[in-house]
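Q: Okay, handing you the structure first.
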Amino acid sequence: MYLNLNITAEHFRQEFLYKQPKLFKGAAKDVPIDWQYINELYQRANPVDELFRLRKGEIVPVSAYVESFNDIGRTRYRFNKAAVYEHLRKGATIVYNRINNEPLVDAIAKHIAQFVQAQTVVSGYLAFGSDASFKNHWDTRDVFAVQLMGKKHWSLYAPNFEMPLYMQQSKDVNVPEPQHPDMEVVLEAGDILYIPRGWWHSPVPMNCETFHLAIGTFAPTGYQYMEWLMKKVPSIVELRHNLNNWQSDQNRIQVAAQNIAKLLVNRENYETFKQEFLGDHRADTAFNMQIFGNPHNDRLPENGTIKLNSLDNRTITQGYVIANGIKTNLDNDSQTILQWIADQHYVELSQLNEFCQNQNINSEKMNKLIFELAIVGVLEFILP
């Protein structure tokens, strides 16, 4: 486990989530990262993907740092590294959006995802100068800024537009930019800063090396719930009528509004929406072909570690878990096992065996359950 947030998820939810910023001092100090890893991370990026950008206030044209060439009959693209270095020396920031399939970054994102029970998207920001890559703005999702190298100065301003949605970015809404920060902090390597949706912020490099991950979290909103309910709206007869004029239509519209309200406050609809939202989440796990692809093997190595891939572990006590689009119903023993794994976050297989013995849970049943759930990605099995 790389992060030590030093606060329970429940305490964070009550005091900070969606409400106010929170500094986690030194929470990421154990992340094993160095410049070799960062260089390799950017080397593996697709240079012409729209998710990869150089910025210095405005976006630097791709043609300024990428070249195309003929590679034995196939057009390929590569970074013009001399140009990239020159832009960095002049104060540009390299922005790498939607990083995935990078085990270290994925592990950090999964930890945050389970901490706040929300889907995540990860971006990386690398710079050496003192120029801001973005002007003061708000984000339409909550963000955890994980400072991994160097330091960066952040100014934060309380929201003056409550809970903006994805189509309500600060550049598109006629709201005055605040002038006086409510919080200023210098993030040093190992620090994490939580920034709630709608809080204005201005991160600025400090004329030294800086690399941080911005982990955006996406929990379901009431607006998404309303969008989901739209597929049920055609069942309301009054809304299937053609419109004529207000005098003749208002009674039907009032009845329709009452029926829409019934759909909205129906708990079964609410729970079904939440389950479908959880079902859309995917958490990639590393290949372990020698374990799960081997027809002569049906057990996990004793030296491995297990973690749960579920986004919302609160469903375990309700008798099921949803992970990677799979809903798994749980009996009492399975609930006990998965709840303990969820509470511990990471569990060594030897520890799990000891726990099951203390709970009088059959070890063969436990091993079969863990093996099958690891195959389908409900559990992640990690070798040292």
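Chain labels follow the order of the structure tokens: the first chain is A, the next B, and so on; residue numbering restarts at 1 in every chain, and ligands are counted from 1 in their shown order.
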Can you list every residue in region 207-257 of chain A that DSSP puts in strand (DSSP E or B), as a short mmCIF file (atom, residue, chain, number, x, y, z; two decimals) with N, CA and C atoms, in the first residue's frame?

A:
```
data_model
loop_
_atom_site.label_atom_id
_atom_site.label_comp_id
_atom_site.auth_asym_id
_atom_site.auth_seq_id
_atom_site.Cartn_x
_atom_site.Cartn_y
_atom_site.Cartn_z
N ASN A 207 9.82 27.28 -10.13
CA ASN A 207 11.14 27.40 -10.76
C ASN A 207 12.07 26.27 -10.33
N CYS A 208 11.48 25.09 -10.16
CA CYS A 208 12.25 23.89 -9.84
C CYS A 208 11.47 22.70 -10.39
N GLU A 209 12.02 21.52 -10.28
CA GLU A 209 11.33 20.35 -10.81
C GLU A 209 10.01 20.12 -10.07
N THR A 210 9.01 19.68 -10.80
CA THR A 210 7.73 19.32 -10.19
C THR A 210 7.04 18.29 -11.06
N PHE A 211 6.55 17.25 -10.41
CA PHE A 211 5.71 16.26 -11.09
C PHE A 211 4.62 15.83 -10.13
N HIS A 212 3.37 15.99 -10.56
CA HIS A 212 2.28 15.52 -9.72
C HIS A 212 1.22 14.83 -10.56
N LEU A 213 0.47 13.96 -9.93
CA LEU A 213 -0.69 13.33 -10.53
C LEU A 213 -1.94 14.05 -10.04
N ALA A 214 -2.83 14.36 -10.96
CA ALA A 214 -4.14 14.90 -10.60
C ALA A 214 -5.15 13.77 -10.80
N ILE A 215 -5.68 13.27 -9.69
CA ILE A 215 -6.63 12.16 -9.75
C ILE A 215 -8.04 12.72 -9.60
N GLY A 216 -8.74 12.81 -10.71
CA GLY A 216 -10.12 13.29 -10.69
C GLY A 216 -11.06 12.17 -10.31
N THR A 217 -12.00 12.46 -9.40
CA THR A 217 -12.94 11.43 -8.95
C THR A 217 -14.34 11.77 -9.44
N PHE A 218 -15.06 10.74 -9.85
CA PHE A 218 -16.36 10.92 -10.49
C PHE A 218 -17.40 10.03 -9.81
#
```

Q: Env of Glu177 (chain A): 12 Å cut, atoms = only C-alpha atoms, seq-sep filter 6 positions within chain, self excluded. Answer as a list of chain:residue names.

A: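 Those residues are A:Lys135, A:Asn136, A:His137, A:Trp138, A:Leu156, A:Tyr157, A:Ala158, A:Pro159, A:Asn160, A:Phe161, A:Ser170, A:Lys171, A:Gly198, A:Trp199, A:Trp200, A:His201, A:Ser202.
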
Q: Given only C-alpha atoms, how would the per-residue table for region 23-62 of chain A near region 3-12 of chain A read, listing every residue at most 9 Å away with its closest atom pair and distance in Å to one decimal, sorted by chain and number, as a Markdown table?

A:
```
| residue | atom | partner | partner_atom | distance |
| --- | --- | --- | --- | --- |
| A:Phe24 | CA | A:Leu5 | CA | 6.2 |
| A:Lys25 | CA | A:Leu5 | CA | 8.4 |
| A:Gly26 | CA | A:Asn4 | CA | 8.0 |
| A:Ala27 | CA | A:Asn4 | CA | 4.7 |
| A:Ala28 | CA | A:Leu3 | CA | 5.0 |
| A:Lys29 | CA | A:Leu3 | CA | 7.7 |
| A:Asp30 | CA | A:Leu3 | CA | 7.0 |
| A:Val31 | CA | A:Leu3 | CA | 7.3 |
```

Q: Which polymer residues have any atom within 12 Å of an atom of Glu348 (chain A), counting only C-alpha atoms, with same-chain residues fewer than 2 positions away left out, as a list in words?

A: Met1, Leu300, Pro301, Glu302, Asn303, Gly304, Thr305, Ile306, Lys307, Trp340, Ile341, Gln344, His345, Tyr346, Ser350, Gln351, Leu352, Asn353, Glu354, Phe355, Glu380, Phe381, Ile382, Leu383 and Pro384 of chain A

Q: Region 60-73 of chain A: which residues within 10 Å, counting only C-alpha atoms, same-chain residues fewer than 2 positions away excluded, as a PDB file with C-alpha atoms, in the first residue's frame?

A:
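As written to disk, around-v9.pdb reads:
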```pdb
ATOM      1  CA  PRO A  47       2.875  11.650 -28.863  1.00  0.00           C
ATOM      2  CA  VAL A  48      -0.010  12.505 -31.224  1.00  0.00           C
ATOM      3  CA  ASP A  49      -2.839  11.504 -28.883  1.00  0.00           C
ATOM      4  CA  GLU A  50      -5.019  14.498 -28.001  1.00  0.00           C
ATOM      5  CA  PHE A  52      -0.973  14.386 -24.413  1.00  0.00           C
ATOM      6  CA  ARG A  53      -0.171  18.102 -24.542  1.00  0.00           C
ATOM      7  CA  LEU A  54       2.539  20.674 -23.924  1.00  0.00           C
ATOM      8  CA  ARG A  55       1.120  23.838 -22.389  1.00  0.00           C
ATOM      9  CA  LYS A  56       2.466  27.252 -21.583  1.00  0.00           C
ATOM     10  CA  GLY A  57      -0.759  29.070 -20.874  1.00  0.00           C
ATOM     11  CA  GLU A  58      -1.992  28.014 -24.310  1.00  0.00           C
ATOM     12  CA  THR A  75       3.925   6.185 -40.872  1.00  0.00           C
ATOM     13  CA  ARG A  76       4.998   6.538 -37.263  1.00  0.00           C
ATOM     14  CA  TYR A  77       5.366   9.448 -34.867  1.00  0.00           C
ATOM     15  CA  ARG A  78       8.036  10.246 -32.322  1.00  0.00           C
ATOM     16  CA  PHE A  79       8.834  12.988 -29.886  1.00  0.00           C
ATOM     17  CA  ASN A  80      11.380  15.500 -31.098  1.00  0.00           C
ATOM     18  CA  LYS A  81      13.150  15.364 -27.769  1.00  0.00           C
ATOM     19  CA  ALA A  82      15.295  18.424 -28.411  1.00  0.00           C
ATOM     20  CA  ALA A  83      12.097  20.429 -28.974  1.00  0.00           C
ATOM     21  CA  VAL A  84      10.456  18.962 -25.847  1.00  0.00           C
ATOM     22  CA  TYR A  85      13.514  19.871 -23.763  1.00  0.00           C
ATOM     23  CA  GLU A  86      13.541  23.403 -25.186  1.00  0.00           C
ATOM     24  CA  HIS A  87       9.866  23.972 -24.340  1.00  0.00           C
ATOM     25  CA  ALA A  92       6.144  24.742 -20.492  1.00  0.00           C
ATOM     26  CA  THR A  93       4.289  21.982 -18.638  1.00  0.00           C
ATOM     27  CA  ILE A  94       3.833  18.487 -20.072  1.00  0.00           C
TER      28      ILE A  94
END
```

Q: Go through region 213-242 of chain A and flag each residue having an atom no more than 12 Å from region 260-269 of chain A; for those, report the closest pair of atoms plus their distance in Å to one decimal, using only C-alpha atoms, ordered by chain and rising number, as JSON lines.

A:
```
{"residue": "A:Gly222", "atom": "CA", "partner": "A:Leu264", "partner_atom": "CA", "distance": 9.7}
{"residue": "A:Tyr223", "atom": "CA", "partner": "A:Leu264", "partner_atom": "CA", "distance": 11.1}
{"residue": "A:Gln224", "atom": "CA", "partner": "A:Leu264", "partner_atom": "CA", "distance": 11.8}
{"residue": "A:Tyr225", "atom": "CA", "partner": "A:Leu264", "partner_atom": "CA", "distance": 8.3}
{"residue": "A:Met226", "atom": "CA", "partner": "A:Leu264", "partner_atom": "CA", "distance": 7.5}
{"residue": "A:Glu227", "atom": "CA", "partner": "A:Leu264", "partner_atom": "CA", "distance": 10.9}
{"residue": "A:Trp228", "atom": "CA", "partner": "A:Asn269", "partner_atom": "CA", "distance": 9.4}
{"residue": "A:Leu229", "atom": "CA", "partner": "A:Leu263", "partner_atom": "CA", "distance": 7.4}
{"residue": "A:Met230", "atom": "CA", "partner": "A:Ile260", "partner_atom": "CA", "distance": 9.4}
{"residue": "A:Lys231", "atom": "CA", "partner": "A:Leu263", "partner_atom": "CA", "distance": 11.0}
{"residue": "A:Lys232", "atom": "CA", "partner": "A:Leu263", "partner_atom": "CA", "distance": 8.1}
{"residue": "A:Val233", "atom": "CA", "partner": "A:Ile260", "partner_atom": "CA", "distance": 7.3}
{"residue": "A:Pro234", "atom": "CA", "partner": "A:Ile260", "partner_atom": "CA", "distance": 10.5}
{"residue": "A:Ser235", "atom": "CA", "partner": "A:Ile260", "partner_atom": "CA", "distance": 10.1}
{"residue": "A:Ile236", "atom": "CA", "partner": "A:Ile260", "partner_atom": "CA", "distance": 8.0}
{"residue": "A:Val237", "atom": "CA", "partner": "A:Ile260", "partner_atom": "CA", "distance": 11.3}
{"residue": "A:Glu238", "atom": "CA", "partner": "A:Ile260", "partner_atom": "CA", "distance": 10.7}
{"residue": "A:Leu239", "atom": "CA", "partner": "A:Ile260", "partner_atom": "CA", "distance": 10.0}
```

Q: Please provide the set of residues having any atom within 7 Å of Leu187 (chain A), restricted to only C-alpha atoms, with same-chain residues fewer than 4 positions apart removed, written as a PyMOL selection string.

A: chain A and resi 147+151-153+191

Q: Just how far from CA of Tyr2 (chain A) is CA of Gln290 (chain A), in Å to one decimal?

A: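 Pair CA of Gln290 (chain A) / CA of Tyr2 (chain A) returns 25.9 Å.
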
Q: Within region 221-263 of chain A, find each residue whose DSSP state, derived from the backbone, is alpha helix (DSSP H), and express the selection as a PyMOL selection string.

A: chain A and resi 222-229+246-263

Q: So how many Å separate CA of Arg141 (chain A) and CA of Pro220 (chain A), to one decimal?

A: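 So the two atoms, CA of Arg141 (chain A) and CA of Pro220 (chain A), lie 10.6 Å apart.
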
Q: Neighbours of Ile370 (chain A) within 9 Å (only C-alpha atoms; same-chain residues fewer than 3 positions away dropped), as number ranges by chain?

A: A: 299-300, 306, 365-367, 373-375, 379

Q: Using only C-alpha atoms for the distances, tell me which of A:Leu126, A:Ile195, A:Val121, A:Val185 is nearest to Asp139 (chain A).

A: A:Ile195

Q: From the options A:Phe16, A:Glu40, A:Gly91, A:Leu308, which residue's atoms come nearest to Val347 (chain A), counting only C-alpha atoms?

A: A:Leu308

Q: Rank A:Lys90, A:Thr221, A:Asn294, A:Met289 by their smallest atom-to-atom distance to Phe273 (chain A), using only C-alpha atoms, and report the top residue only.

A: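 Between A:Lys90, A:Thr221, A:Asn294, A:Met289, the residue approaching Phe273 (chain A) most closely is A:Thr221.
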